[in-house]
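Participant: Just passing along the structure, written as structure tokens.
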Amino acid sequence: MSQRIINHPVLGKLDESQTITFTFNDVEYSALQNESIAAALLANGIRTLRHHEESGSPRGIYCNIGHCFECRVTVDGVQGERACLTPLTQGMKVVSGGKLQTDVRDWRANHGK
Amino acid sequence: MENKTIIIGAGPAGLTAAITIASRGHSVVVIDEYMKPGGRLLGQLYEEPNGNWWNGIVESDKLHQQAKKLGVDIKLHTPVSNIEVQDGIWSVHTDVEIHETTHLLLATGAAENPLPIKGWTLPGVMSVGAAQVMTNVHRVKPGERGVIIGVNVLSSAIAMELKMADIDIACITLPVSNTVNEKFGQPLEVMNSLLHVSHMAPSAFIKMGSKLMKNDFFKQLGITFFPKNGVKMWDIPIMLRKAVTEIIGDGQVEGVKISTINPAGEVIPGTEEIIGADFVCIAGGLYPLAELAAVAGCPFYHIEELGGYVPLHNERMESTLPGLYVAGNITGIEGAKVAMCQGQTAGLSIANNLENGILEKELVSSIQHTEHTRENAYIQFHPEIAHGKDKLKLYWDEYNAAVTK
Amino acid sequence: MSEKDIIICRCEEVTYSELKETARKFQCTPRELKLRTRAGMGYCGGRTCRNAVDSIALESTERNESQISLKYQPPIRPVSFGKLGEVIE
């Protein structure tokens with residue numbers, strides 16, 4: 001089901017004429033040309049944009065205007081791009097970040113340090 | 001080298017300054033990391049007492065078109081990572097290049113304060129400003145049903161905007177009180193802070209044919225103590241005697257745990273219930289986003305009425321550093337109309353300095369116009385804003401007296 | 001640390017109890033609290049949690065009204081090494 005607000009009592013009707021496709025973690029989705037990655041993913045029902053590097057806890061958009069960096073994803077190979085400020089273009093490849101290894105911490109935990 | 005004035009921030013203050021400077025025939029570059037011009041103005045949507053709609057998208061577009069017509073160079077999607085000054089020349093570092101100028105205006109706006117609550121890192125929890133932008137600018141629903149945590153002027157205005165987009169708001173309520181959320185979690189404190197926005201109670205929804213408010217929300221506030229289940233404003237329950245203790249969900253938001261609180265904000269045991277929701281908004285208010293002024297070395301003062309630490313500046317929007325100006329919410333949290341006035345003042349200040357002081361009269365009248373706009377502002381973020389500005393003036397005089405000694 | 005504890009710094013996952021405990025033990029300024037716990041030292045540069053960290057430290061220390069409690073340092077947005085090292089001809 002689409003989450004888009006097509007008709008708005010004051011802002012009018014949404015222009016949905018220009019659509020594109022992009023991929024998020026290798027799955028193809030459709031979006032409106034030039035909308036933000038975050039908006040397009042939410043419109044496709046996707047809230048989780050990455051997992052915290054250490055704990056692996058899921059994260060989504062928080063501030064939506066580039067301040068919090070919670071929505072950072074890899075876009076066409078470039079890491080750390082903010083999904084909330086990056087406009088989508090045809091064929092863009094978006095990949096989410098995941099938990100990284102924490103060898104030192106694990107070693108400490110296992111050795112009672 | 002052509003000396004282009006550089007403005008960082010394409011919100012109402014930055015764009016108005018750009019228009020002011022460009023219309024005097026000077027060249028201007030505006031840099032912003034967002035993908036559209038307008039800043040926080042983009043998301044704003046409310047009905048004014050005279051029945052006109054303040055539509056942030058339309059207002060932003062007006063400013064943008066005017067700036068474009070005057071030949072202002074607007075660089076969007078361009079984050080600024082640092083500014084430095086050497087021999088009177090400011091360098092502005094962006095991802096792509098370094099820009100140089102003798103006149104630099106910082107109009108970087110404000111950032112949102114969080115109200116940290118258990119579970120607030122779950123996907124589906126967002127700042128109230130985030131929900132506003134998603135709804136009005138991107139036209140995507142933040143969810144089907146939301147809970148707004150934090151009762152204040154910003155959250156009630158945005159709650160109404162969400163409602164207009166047919167998004168269900170389960171309630172607006174308080175965060176559980178702790179050291180960080182303190183002011184926001186105490187019913188009496190919150191109630192007092194709301195009294196100065198009572199004029200916002202008559203709602204556009206009445207005219208739009210929605211259910212009429214049965215009781216005047218604010219009158220009720222004044223007469224009785226707040227009913228446990230809240231009262232409704234714009235058909236949204238506002239619950240000042242309840243607080244969210246935890247946001248719950250498996251992998252993303254599924255609801256909140258909410259309990260009844262006493263007037264001091266303490267949870268009454270055994271009152272917990274769960275409200276289902278697929279998104280949660282956190283409304284902890286705004287603070288001036290002044291990081292570039294800080295790295296440049298501006299002196300700062302903490303002024304509660306202005307929303308936090310602000311870079312020292314005078315009424316002409318000049319900082320203490322030569323060639324560096326400030327305007328908009330970086331100078332204190334106020335509405336877009338005040339920001340536009342400040343942008344005009346900063347623009348005139350810059351043009352005046354470029355034109356050997358021939359714009360003194362215009363400058364003085366622009367400063368007066370700002371004060372007038374402040375006094376008549378529809379939304380005031382802090383009731384004592386004028387007092388905060390007076391404090392700043394004192395700090396400015398003190399600072400300059402010490403420097404010239 | 002209990003998993004259920006409230007996170008204050010989202011980037012570094014520093015919790016409320018960790019900050020409260022550190023502030024109680026050392027009676028320290030916001031800056032010292034940040035250095036001891038890493039709260040505010042993550043990817044976002046402390047933009048989200050700085051006032052929260054302040055308010056915990058300011059329970060036991062006085063606010064300095066004329067100095068930002070948690071200093072800002074350039075770059076205020078992350079810059080990749082590739083871009084930093086780039087030579088513009």
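Here's how to read the names in the structure tokens: chain A, B, ... by the order shown, residue numbers from 1 in each chain, ligand numbers from 1 in the order shown.
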Might you pull out every residue within 10 Å of Trp396 (chain B), with only C-alpha atoms counted and same-chain residues fewer than 3 positions away left off, and present them as a count of residues only?

Facilitator: 16

Participant: DSSP says strand (DSSP E or B) for which residues of region 145-363 of chain B? Put them as number ranges by chain?

Facilitator: B: 145-149, 168-175, 231-233, 236-248, 255-261, 267, 273-276, 279-282, 286-288, 300-303, 308-311, 313, 318-319, 324-326

Participant: So that I can check the surroundings of region 157-160 of chain B, please list as a PDB file with N, CA, C and O atoms, in the first residue's frame every protein, DNA and RNA residue that reaches within 9 Å of it, counting only C-alpha atoms and ignoring chain neighbours fewer than 3 positions away.

Facilitator:
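selection-v8.pdb was written with the following content:
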```pdb
ATOM      1  N   GLN B  44       6.401  24.544   6.557  1.00  0.00           N
ATOM      2  CA  GLN B  44       5.380  25.281   7.318  1.00  0.00           C
ATOM      3  C   GLN B  44       4.058  25.406   6.578  1.00  0.00           C
ATOM      4  O   GLN B  44       4.024  25.680   5.389  1.00  0.00           O
ATOM      5  N   LEU B  45       2.982  25.216   7.337  1.00  0.00           N
ATOM      6  CA  LEU B  45       1.655  25.310   6.743  1.00  0.00           C
ATOM      7  C   LEU B  45       0.642  25.606   7.839  1.00  0.00           C
ATOM      8  O   LEU B  45       0.328  24.743   8.645  1.00  0.00           O
ATOM      9  N   TYR B  46       0.176  26.826   7.888  1.00  0.00           N
ATOM     10  CA  TYR B  46      -0.850  27.133   8.894  1.00  0.00           C
ATOM     11  C   TYR B  46      -1.708  28.301   8.432  1.00  0.00           C
ATOM     12  O   TYR B  46      -1.327  29.062   7.534  1.00  0.00           O
ATOM     13  N   VAL B 128       9.904  15.768  15.418  1.00  0.00           N
ATOM     14  CA  VAL B 128       8.625  16.261  14.899  1.00  0.00           C
ATOM     15  C   VAL B 128       8.840  17.034  13.588  1.00  0.00           C
ATOM     16  O   VAL B 128       8.024  16.990  12.675  1.00  0.00           O
ATOM     17  N   GLY B 129      10.002  17.686  13.490  1.00  0.00           N
ATOM     18  CA  GLY B 129      10.350  18.390  12.244  1.00  0.00           C
ATOM     19  C   GLY B 129      10.522  17.423  11.086  1.00  0.00           C
ATOM     20  O   GLY B 129      10.178  17.734   9.935  1.00  0.00           O
ATOM     21  N   ALA B 131       8.897  14.621  10.675  1.00  0.00           N
ATOM     22  CA  ALA B 131       7.560  14.223  10.245  1.00  0.00           C
ATOM     23  C   ALA B 131       6.916  15.327   9.407  1.00  0.00           C
ATOM     24  O   ALA B 131       6.232  15.073   8.408  1.00  0.00           O
ATOM     25  N   GLN B 132       7.186  16.575   9.796  1.00  0.00           N
ATOM     26  CA  GLN B 132       6.638  17.712   9.053  1.00  0.00           C
ATOM     27  C   GLN B 132       7.170  17.742   7.621  1.00  0.00           C
ATOM     28  O   GLN B 132       6.412  17.875   6.665  1.00  0.00           O
ATOM     29  N   ILE B 148       2.773  11.815  19.431  1.00  0.00           N
ATOM     30  CA  ILE B 148       3.712  12.926  19.509  1.00  0.00           C
ATOM     31  C   ILE B 148       4.107  13.133  20.969  1.00  0.00           C
ATOM     32  O   ILE B 148       3.236  13.298  21.828  1.00  0.00           O
ATOM     33  N   ASN B 152       4.210  21.384  22.937  1.00  0.00           N
ATOM     34  CA  ASN B 152       4.691  22.762  22.805  1.00  0.00           C
ATOM     35  C   ASN B 152       4.171  23.373  21.518  1.00  0.00           C
ATOM     36  O   ASN B 152       3.436  22.719  20.767  1.00  0.00           O
ATOM     37  N   VAL B 153       4.545  24.605  21.266  1.00  0.00           N
ATOM     38  CA  VAL B 153       3.972  25.332  20.130  1.00  0.00           C
ATOM     39  C   VAL B 153       4.305  24.644  18.806  1.00  0.00           C
ATOM     40  O   VAL B 153       3.464  24.497  17.922  1.00  0.00           O
ATOM     41  N   LEU B 154       5.531  24.142  18.691  1.00  0.00           N
ATOM     42  CA  LEU B 154       5.938  23.489  17.449  1.00  0.00           C
ATOM     43  C   LEU B 154       5.172  22.189  17.238  1.00  0.00           C
ATOM     44  O   LEU B 154       4.654  21.924  16.152  1.00  0.00           O
ATOM     45  N   LYS B 163      -2.533  16.029  10.667  1.00  0.00           N
ATOM     46  CA  LYS B 163      -3.971  15.766  10.615  1.00  0.00           C
ATOM     47  C   LYS B 163      -4.548  16.179   9.248  1.00  0.00           C
ATOM     48  O   LYS B 163      -5.376  15.482   8.673  1.00  0.00           O
ATOM     49  N   MET B 164      -4.082  17.315   8.768  1.00  0.00           N
ATOM     50  CA  MET B 164      -4.556  17.794   7.469  1.00  0.00           C
ATOM     51  C   MET B 164      -4.232  16.815   6.349  1.00  0.00           C
ATOM     52  O   MET B 164      -4.942  16.742   5.361  1.00  0.00           O
ATOM     53  N   ALA B 165      -3.134  16.093   6.513  1.00  0.00           N
ATOM     54  CA  ALA B 165      -2.726  15.119   5.488  1.00  0.00           C
ATOM     55  C   ALA B 165      -3.344  13.754   5.773  1.00  0.00           C
ATOM     56  O   ALA B 165      -2.910  12.742   5.221  1.00  0.00           O
ATOM     57  N   ILE B 169      -3.378  10.913  14.561  1.00  0.00           N
ATOM     58  CA  ILE B 169      -2.517  11.176  15.718  1.00  0.00           C
ATOM     59  C   ILE B 169      -3.227  10.637  16.951  1.00  0.00           C
ATOM     60  O   ILE B 169      -4.275  11.155  17.347  1.00  0.00           O
ATOM     61  N   ILE B 172      -1.050  13.673  21.725  1.00  0.00           N
ATOM     62  CA  ILE B 172       0.159  14.441  22.006  1.00  0.00           C
ATOM     63  C   ILE B 172       0.324  14.364  23.513  1.00  0.00           C
ATOM     64  O   ILE B 172      -0.618  14.647  24.261  1.00  0.00           O
ATOM     65  N   MET B 200      -3.666  30.368  19.314  1.00  0.00           N
ATOM     66  CA  MET B 200      -3.632  29.388  18.238  1.00  0.00           C
ATOM     67  C   MET B 200      -4.782  28.389  18.305  1.00  0.00           C
ATOM     68  O   MET B 200      -4.988  27.611  17.396  1.00  0.00           O
ATOM     69  N   SER B 203      -9.161  26.902  15.336  1.00  0.00           N
ATOM     70  CA  SER B 203      -8.470  26.088  14.357  1.00  0.00           C
ATOM     71  C   SER B 203      -9.035  26.220  12.962  1.00  0.00           C
ATOM     72  O   SER B 203     -10.216  26.450  12.744  1.00  0.00           O
ATOM     73  N   ALA B 204      -8.171  26.001  12.020  1.00  0.00           N
ATOM     74  CA  ALA B 204      -8.564  25.962  10.624  1.00  0.00           C
ATOM     75  C   ALA B 204      -9.564  24.850  10.389  1.00  0.00           C
ATOM     76  O   ALA B 204     -10.365  24.914   9.469  1.00  0.00           O
ATOM     77  N   PHE B 205      -9.507  23.836  11.232  1.00  0.00           N
ATOM     78  CA  PHE B 205     -10.395  22.697  11.034  1.00  0.00           C
ATOM     79  C   PHE B 205     -11.848  23.051  11.209  1.00  0.00           C
ATOM     80  O   PHE B 205     -12.721  22.428  10.636  1.00  0.00           O
ATOM     81  N   MET B 233      -7.724  18.976  21.009  1.00  0.00           N
ATOM     82  CA  MET B 233      -7.517  20.162  20.205  1.00  0.00           C
ATOM     83  C   MET B 233      -7.402  19.664  18.775  1.00  0.00           C
ATOM     84  O   MET B 233      -6.631  18.744  18.503  1.00  0.00           O
ATOM     85  N   TRP B 234      -8.161  20.245  17.880  1.00  0.00           N
ATOM     86  CA  TRP B 234      -8.199  19.762  16.502  1.00  0.00           C
ATOM     87  C   TRP B 234      -8.479  18.265  16.465  1.00  0.00           C
ATOM     88  O   TRP B 234      -7.907  17.531  15.674  1.00  0.00           O
ATOM     89  N   ILE B 236      -7.448  16.072  18.355  1.00  0.00           N
ATOM     90  CA  ILE B 236      -6.322  15.250  18.807  1.00  0.00           C
ATOM     91  C   ILE B 236      -6.273  15.321  20.335  1.00  0.00           C
ATOM     92  O   ILE B 236      -6.238  16.415  20.886  1.00  0.00           O
TER      93      ILE B 236
END
```

Participant: Please list as an mmCIF file with all heavy atoms, in the first residue's frame every residue within 12 Å of region 363-366 of chain B, counting only C-alpha atoms and excluding residues in the same chain fewer than 2 positions away.

Facilitator:
```cif
data_model
loop_
_atom_site.group_PDB
_atom_site.id
_atom_site.type_symbol
_atom_site.label_atom_id
_atom_site.label_comp_id
_atom_site.auth_asym_id
_atom_site.auth_seq_id
_atom_site.Cartn_x
_atom_site.Cartn_y
_atom_site.Cartn_z
ATOM 1 N N ALA B 17 18.315 37.707 2.430
ATOM 2 C CA ALA B 17 19.566 38.465 2.384
ATOM 3 C C ALA B 17 20.127 38.474 0.967
ATOM 4 O O ALA B 17 20.568 39.515 0.462
ATOM 5 C CB ALA B 17 20.572 37.853 3.357
ATOM 6 N N THR B 20 18.238 40.857 -1.162
ATOM 7 C CA THR B 20 18.548 42.243 -0.779
ATOM 8 C C THR B 20 19.892 42.686 -1.368
ATOM 9 O O THR B 20 20.006 43.786 -1.919
ATOM 10 C CB THR B 20 18.582 42.367 0.762
ATOM 11 O OG1 THR B 20 17.374 41.817 1.288
ATOM 12 C CG2 THR B 20 18.713 43.805 1.204
ATOM 13 N N GLU B 315 22.509 44.639 16.272
ATOM 14 C CA GLU B 315 21.238 44.742 15.556
ATOM 15 C C GLU B 315 21.409 44.754 14.042
ATOM 16 O O GLU B 315 20.477 44.476 13.303
ATOM 17 C CB GLU B 315 20.535 46.042 15.954
ATOM 18 C CG GLU B 315 19.920 45.997 17.330
ATOM 19 C CD GLU B 315 19.370 47.346 17.699
ATOM 20 O OE1 GLU B 315 20.095 48.358 17.516
ATOM 21 O OE2 GLU B 315 18.223 47.400 18.164
ATOM 22 N N ARG B 316 22.628 45.091 13.598
ATOM 23 C CA ARG B 316 22.900 45.097 12.156
ATOM 24 C C ARG B 316 23.275 43.711 11.664
ATOM 25 O O ARG B 316 23.696 43.550 10.533
ATOM 26 C CB ARG B 316 24.042 46.056 11.858
ATOM 27 C CG ARG B 316 23.717 47.480 12.211
ATOM 28 C CD ARG B 316 24.982 48.324 12.245
ATOM 29 N NE ARG B 316 24.596 49.705 12.337
ATOM 30 C CZ ARG B 316 24.769 50.596 11.346
ATOM 31 N NH1 ARG B 316 25.366 50.251 10.228
ATOM 32 N NH2 ARG B 316 24.348 51.826 11.492
ATOM 33 N N MET B 317 23.189 42.735 12.535
ATOM 34 C CA MET B 317 23.515 41.346 12.236
ATOM 35 C C MET B 317 25.000 41.140 11.924
ATOM 36 O O MET B 317 25.379 40.196 11.246
ATOM 37 C CB MET B 317 22.644 40.776 11.085
ATOM 38 C CG MET B 317 21.153 41.061 11.194
ATOM 39 S SD MET B 317 20.458 40.838 12.848
ATOM 40 C CE MET B 317 20.177 39.093 12.890
ATOM 41 N N VAL B 338 10.271 36.696 11.018
ATOM 42 C CA VAL B 338 11.353 37.430 11.673
ATOM 43 C C VAL B 338 12.678 37.105 10.980
ATOM 44 O O VAL B 338 13.496 37.985 10.733
ATOM 45 C CB VAL B 338 11.428 37.111 13.190
ATOM 46 C CG1 VAL B 338 12.646 37.769 13.831
ATOM 47 C CG2 VAL B 338 10.153 37.562 13.899
ATOM 48 N N MET B 340 13.152 36.389 7.929
ATOM 49 C CA MET B 340 13.223 37.141 6.668
ATOM 50 C C MET B 340 13.638 38.595 6.918
ATOM 51 O O MET B 340 14.445 39.156 6.186
ATOM 52 C CB MET B 340 11.877 37.068 5.935
ATOM 53 C CG MET B 340 11.625 35.697 5.326
ATOM 54 S SD MET B 340 9.888 35.326 5.048
ATOM 55 C CE MET B 340 9.669 35.992 3.429
ATOM 56 N N CYS B 341 13.068 39.195 7.964
ATOM 57 C CA CYS B 341 13.451 40.569 8.316
ATOM 58 C C CYS B 341 14.942 40.638 8.656
ATOM 59 O O CYS B 341 15.640 41.562 8.239
ATOM 60 C CB CYS B 341 12.655 41.054 9.523
ATOM 61 S SG CYS B 341 10.930 41.317 9.166
ATOM 62 N N GLN B 342 15.383 39.663 9.430
ATOM 63 C CA GLN B 342 16.803 39.656 9.806
ATOM 64 C C GLN B 342 17.679 39.466 8.576
ATOM 65 O O GLN B 342 18.763 40.043 8.476
ATOM 66 C CB GLN B 342 17.073 38.522 10.799
ATOM 67 C CG GLN B 342 16.430 38.744 12.159
ATOM 68 C CD GLN B 342 16.679 37.569 13.078
ATOM 69 O OE1 GLN B 342 16.675 36.422 12.644
ATOM 70 N NE2 GLN B 342 16.887 37.844 14.348
ATOM 71 N N GLY B 343 17.200 38.649 7.646
ATOM 72 C CA GLY B 343 17.927 38.447 6.392
ATOM 73 C C GLY B 343 18.054 39.758 5.631
ATOM 74 O O GLY B 343 19.109 40.087 5.087
ATOM 75 N N GLN B 344 16.959 40.504 5.622
ATOM 76 C CA GLN B 344 17.001 41.804 4.936
ATOM 77 C C GLN B 344 17.996 42.742 5.614
ATOM 78 O O GLN B 344 18.775 43.430 4.946
ATOM 79 C CB GLN B 344 15.612 42.432 4.931
ATOM 80 C CG GLN B 344 15.646 43.836 4.350
ATOM 81 C CD GLN B 344 14.271 44.420 4.170
ATOM 82 O OE1 GLN B 344 13.501 43.948 3.352
ATOM 83 N NE2 GLN B 344 13.980 45.450 4.946
ATOM 84 N N THR B 345 17.964 42.750 6.950
ATOM 85 C CA THR B 345 18.895 43.609 7.680
ATOM 86 C C THR B 345 20.340 43.213 7.400
ATOM 87 O O THR B 345 21.192 44.062 7.111
ATOM 88 C CB THR B 345 18.618 43.551 9.195
ATOM 89 O OG1 THR B 345 17.250 43.894 9.420
ATOM 90 C CG2 THR B 345 19.511 44.500 9.966
ATOM 91 N N ALA B 346 20.613 41.905 7.460
ATOM 92 C CA ALA B 346 21.972 41.438 7.195
ATOM 93 C C ALA B 346 22.386 41.796 5.767
ATOM 94 O O ALA B 346 23.517 42.240 5.522
ATOM 95 C CB ALA B 346 22.061 39.931 7.404
ATOM 96 N N GLY B 347 21.456 41.628 4.833
ATOM 97 C CA GLY B 347 21.729 41.968 3.439
ATOM 98 C C GLY B 347 22.053 43.439 3.275
ATOM 99 O O GLY B 347 23.014 43.818 2.589
ATOM 100 N N LEU B 348 21.262 44.286 3.940
ATOM 101 C CA LEU B 348 21.511 45.734 3.864
ATOM 102 C C LEU B 348 22.832 46.099 4.525
ATOM 103 O O LEU B 348 23.564 46.980 4.047
ATOM 104 C CB LEU B 348 20.367 46.504 4.534
ATOM 105 C CG LEU B 348 19.087 46.631 3.707
ATOM 106 C CD1 LEU B 348 17.949 47.166 4.571
ATOM 107 C CD2 LEU B 348 19.306 47.518 2.482
ATOM 108 N N SER B 349 23.138 45.422 5.619
ATOM 109 C CA SER B 349 24.409 45.655 6.311
ATOM 110 C C SER B 349 25.584 45.384 5.375
ATOM 111 O O SER B 349 26.531 46.168 5.300
ATOM 112 C CB SER B 349 24.517 44.693 7.489
ATOM 113 O OG SER B 349 24.438 45.360 8.687
ATOM 114 N N ILE B 350 25.496 44.252 4.684
ATOM 115 C CA ILE B 350 26.573 43.869 3.771
ATOM 116 C C ILE B 350 26.657 44.871 2.608
ATOM 117 O O ILE B 350 27.731 45.380 2.282
ATOM 118 C CB ILE B 350 26.370 42.425 3.263
ATOM 119 C CG1 ILE B 350 26.597 41.441 4.430
ATOM 120 C CG2 ILE B 350 27.300 42.105 2.094
ATOM 121 C CD1 ILE B 350 26.210 40.006 4.147
ATOM 122 N N ALA B 351 25.496 45.173 2.011
ATOM 123 C CA ALA B 351 25.482 46.131 0.896
ATOM 124 C C ALA B 351 25.993 47.491 1.364
ATOM 125 O O ALA B 351 26.764 48.154 0.658
ATOM 126 C CB ALA B 351 24.066 46.245 0.334
ATOM 127 N N ASN B 352 25.593 47.885 2.552
ATOM 128 C CA ASN B 352 26.021 49.169 3.115
ATOM 129 C C ASN B 352 27.554 49.208 3.256
ATOM 130 O O ASN B 352 28.194 50.207 2.929
ATOM 131 C CB ASN B 352 25.359 49.363 4.481
ATOM 132 C CG ASN B 352 25.534 50.767 5.021
ATOM 133 O OD1 ASN B 352 25.346 51.742 4.294
ATOM 134 N ND2 ASN B 352 25.898 50.874 6.293
ATOM 135 N N ASN B 353 28.113 48.106 3.727
ATOM 136 C CA ASN B 353 29.567 48.054 3.871
ATOM 137 C C ASN B 353 30.275 48.010 2.518
ATOM 138 O O ASN B 353 31.382 48.520 2.368
ATOM 139 C CB ASN B 353 29.978 46.875 4.747
ATOM 140 C CG ASN B 353 29.586 47.095 6.208
ATOM 141 O OD1 ASN B 353 29.347 48.234 6.629
ATOM 142 N ND2 ASN B 353 29.488 46.027 6.967
ATOM 143 N N GLY B 357 28.654 52.913 3.158
ATOM 144 C CA GLY B 357 27.729 53.470 4.139
ATOM 145 C C GLY B 357 26.610 54.344 3.610
ATOM 146 O O GLY B 357 26.109 55.193 4.340
ATOM 147 N N ILE B 358 26.203 54.129 2.354
ATOM 148 C CA ILE B 358 25.125 54.992 1.839
ATOM 149 C C ILE B 358 23.725 54.436 2.163
ATOM 150 O O ILE B 358 22.722 55.029 1.811
ATOM 151 C CB ILE B 358 25.237 55.222 0.306
ATOM 152 C CG1 ILE B 358 25.093 53.899 -0.458
ATOM 153 C CG2 ILE B 358 26.543 55.937 -0.049
ATOM 154 C CD1 ILE B 358 24.828 54.113 -1.937
ATOM 155 N N LEU B 359 23.668 53.291 2.846
ATOM 156 C CA LEU B 359 22.356 52.682 3.109
ATOM 157 C C LEU B 359 21.953 52.769 4.575
ATOM 158 O O LEU B 359 21.097 52.011 5.031
ATOM 159 C CB LEU B 359 22.365 51.218 2.657
ATOM 160 C CG LEU B 359 22.516 50.989 1.157
ATOM 161 C CD1 LEU B 359 22.784 49.517 0.857
ATOM 162 C CD2 LEU B 359 21.276 51.452 0.408
ATOM 163 N N GLU B 360 22.553 53.704 5.310
ATOM 164 C CA GLU B 360 22.280 53.836 6.735
ATOM 165 C C GLU B 360 20.782 53.938 7.041
ATOM 166 O O GLU B 360 20.270 53.279 7.948
ATOM 167 C CB GLU B 360 23.003 55.059 7.313
ATOM 168 C CG GLU B 360 24.475 54.811 7.603
ATOM 169 C CD GLU B 360 24.716 53.739 8.668
ATOM 170 O OE1 GLU B 360 23.928 53.661 9.623
ATOM 171 O OE2 GLU B 360 25.690 52.979 8.511
ATOM 172 N N LYS B 361 20.092 54.771 6.281
ATOM 173 C CA LYS B 361 18.671 55.008 6.556
ATOM 174 C C LYS B 361 17.857 53.730 6.378
ATOM 175 O O LYS B 361 17.016 53.378 7.204
ATOM 176 C CB LYS B 361 18.135 56.103 5.623
ATOM 177 C CG LYS B 361 17.543 57.279 6.382
ATOM 178 C CD LYS B 361 17.185 58.443 5.497
ATOM 179 C CE LYS B 361 16.006 58.152 4.565
ATOM 180 N NZ LYS B 361 15.839 59.230 3.561
ATOM 181 N N GLN B 368 14.067 48.428 12.606
ATOM 182 C CA GLN B 368 12.769 48.727 13.220
ATOM 183 C C GLN B 368 11.696 47.763 12.737
ATOM 184 O O GLN B 368 10.860 47.280 13.505
ATOM 185 C CB GLN B 368 12.336 50.157 12.896
ATOM 186 C CG GLN B 368 13.065 51.180 13.750
ATOM 187 C CD GLN B 368 12.876 52.597 13.227
ATOM 188 O OE1 GLN B 368 12.283 52.811 12.149
ATOM 189 N NE2 GLN B 368 13.391 53.569 13.963
ATOM 190 N N HIS B 369 11.755 47.460 11.445
ATOM 191 C CA HIS B 369 10.786 46.552 10.850
ATOM 192 C C HIS B 369 10.879 45.161 11.505
ATOM 193 O O HIS B 369 9.864 44.499 11.739
ATOM 194 C CB HIS B 369 11.030 46.472 9.343
ATOM 195 C CG HIS B 369 10.043 45.608 8.629
ATOM 196 N ND1 HIS B 369 8.690 45.785 8.725
ATOM 197 C CD2 HIS B 369 10.224 44.530 7.826
ATOM 198 C CE1 HIS B 369 8.068 44.871 7.997
ATOM 199 N NE2 HIS B 369 8.982 44.083 7.458
ATOM 200 N N THR B 370 12.096 44.738 11.806
ATOM 201 C CA THR B 370 12.298 43.440 12.459
ATOM 202 C C THR B 370 11.616 43.429 13.825
ATOM 203 O O THR B 370 10.919 42.469 14.171
ATOM 204 C CB THR B 370 13.811 43.153 12.639
ATOM 205 O OG1 THR B 370 14.456 43.315 11.379
ATOM 206 C CG2 THR B 370 14.046 41.744 13.158
ATOM 207 N N GLU B 371 11.812 44.492 14.577
ATOM 208 C CA GLU B 371 11.207 44.560 15.909
ATOM 209 C C GLU B 371 9.687 44.534 15.833
ATOM 210 O O GLU B 371 9.019 43.870 16.617
ATOM 211 C CB GLU B 371 11.698 45.810 16.649
ATOM 212 C CG GLU B 371 13.049 45.538 17.301
ATOM 213 C CD GLU B 371 13.759 46.793 17.767
ATOM 214 O OE1 GLU B 371 13.103 47.855 17.860
ATOM 215 O OE2 GLU B 371 14.977 46.700 18.020
ATOM 216 N N HIS B 372 9.170 45.251 14.862
ATOM 217 C CA HIS B 372 7.728 45.298 14.664
ATOM 218 C C HIS B 372 7.193 43.898 14.325
ATOM 219 O O HIS B 372 6.177 43.447 14.855
ATOM 220 C CB HIS B 372 7.417 46.288 13.536
ATOM 221 C CG HIS B 372 5.959 46.419 13.241
ATOM 222 N ND1 HIS B 372 5.126 47.170 14.049
ATOM 223 C CD2 HIS B 372 5.197 45.890 12.263
ATOM 224 C CE1 HIS B 372 3.892 47.096 13.551
ATOM 225 N NE2 HIS B 372 3.903 46.316 12.485
ATOM 226 N N THR B 373 7.897 43.219 13.433
ATOM 227 C CA THR B 373 7.484 41.866 13.038
ATOM 228 C C THR B 373 7.540 40.918 14.231
ATOM 229 O O THR B 373 6.661 40.071 14.413
ATOM 230 C CB THR B 373 8.403 41.339 11.904
ATOM 231 O OG1 THR B 373 8.415 42.309 10.860
ATOM 232 C CG2 THR B 373 7.920 40.010 11.364
#
```

Participant: Find the spatial neighbours of region 49-57 of chain B, counting only C-alpha atoms, within a cut-off of 9 Å - ignore same-chain residues fewer than 3 positions away - and output them as JSON, numbers by chain.

Facilitator: {"A": [10, 11], "B": [38, 40, 41, 42, 43, 44, 45, 46, 60, 61, 62, 136, 137, 199, 200, 202, 204, 378]}

Participant: Give me, as number ranges by chain, the residues of chain C touching chain A, with the criterion being at most 10 Å (counting only C-alpha atoms).

Facilitator: C: 10-13, 42-49, 77-80

Participant: For the contact check between chain A and chain B, emit one row per residue of chain A within 6 Å, containing the shortest atom pair and the distance in Å rounded to one decimal, counting only C-alpha atoms, chain then rising number order, as CSV.

Facilitator:
```
residue,atom,partner,partner_atom,distance
A:Gln3,CA,B:Lys141,CA,5.4
A:Arg4,CA,B:Val140,CA,4.4
A:Ile5,CA,B:Arg139,CA,5.1
A:His8,CA,B:Ala165,CA,6.0
A:Ala43,CA,B:Val140,CA,5.9
A:Arg47,CA,B:Pro123,CA,5.6
A:Thr48,CA,B:Pro123,CA,5.7
A:Arg59,CA,B:Pro123,CA,5.0
A:Gly60,CA,B:Pro123,CA,4.4
A:Tyr62,CA,B:Met126,CA,4.2
A:Cys63,CA,B:Ala130,CA,4.9
A:Asn64,CA,B:Ala130,CA,4.7
A:Leu85,CA,B:Tyr34,CA,5.7
```
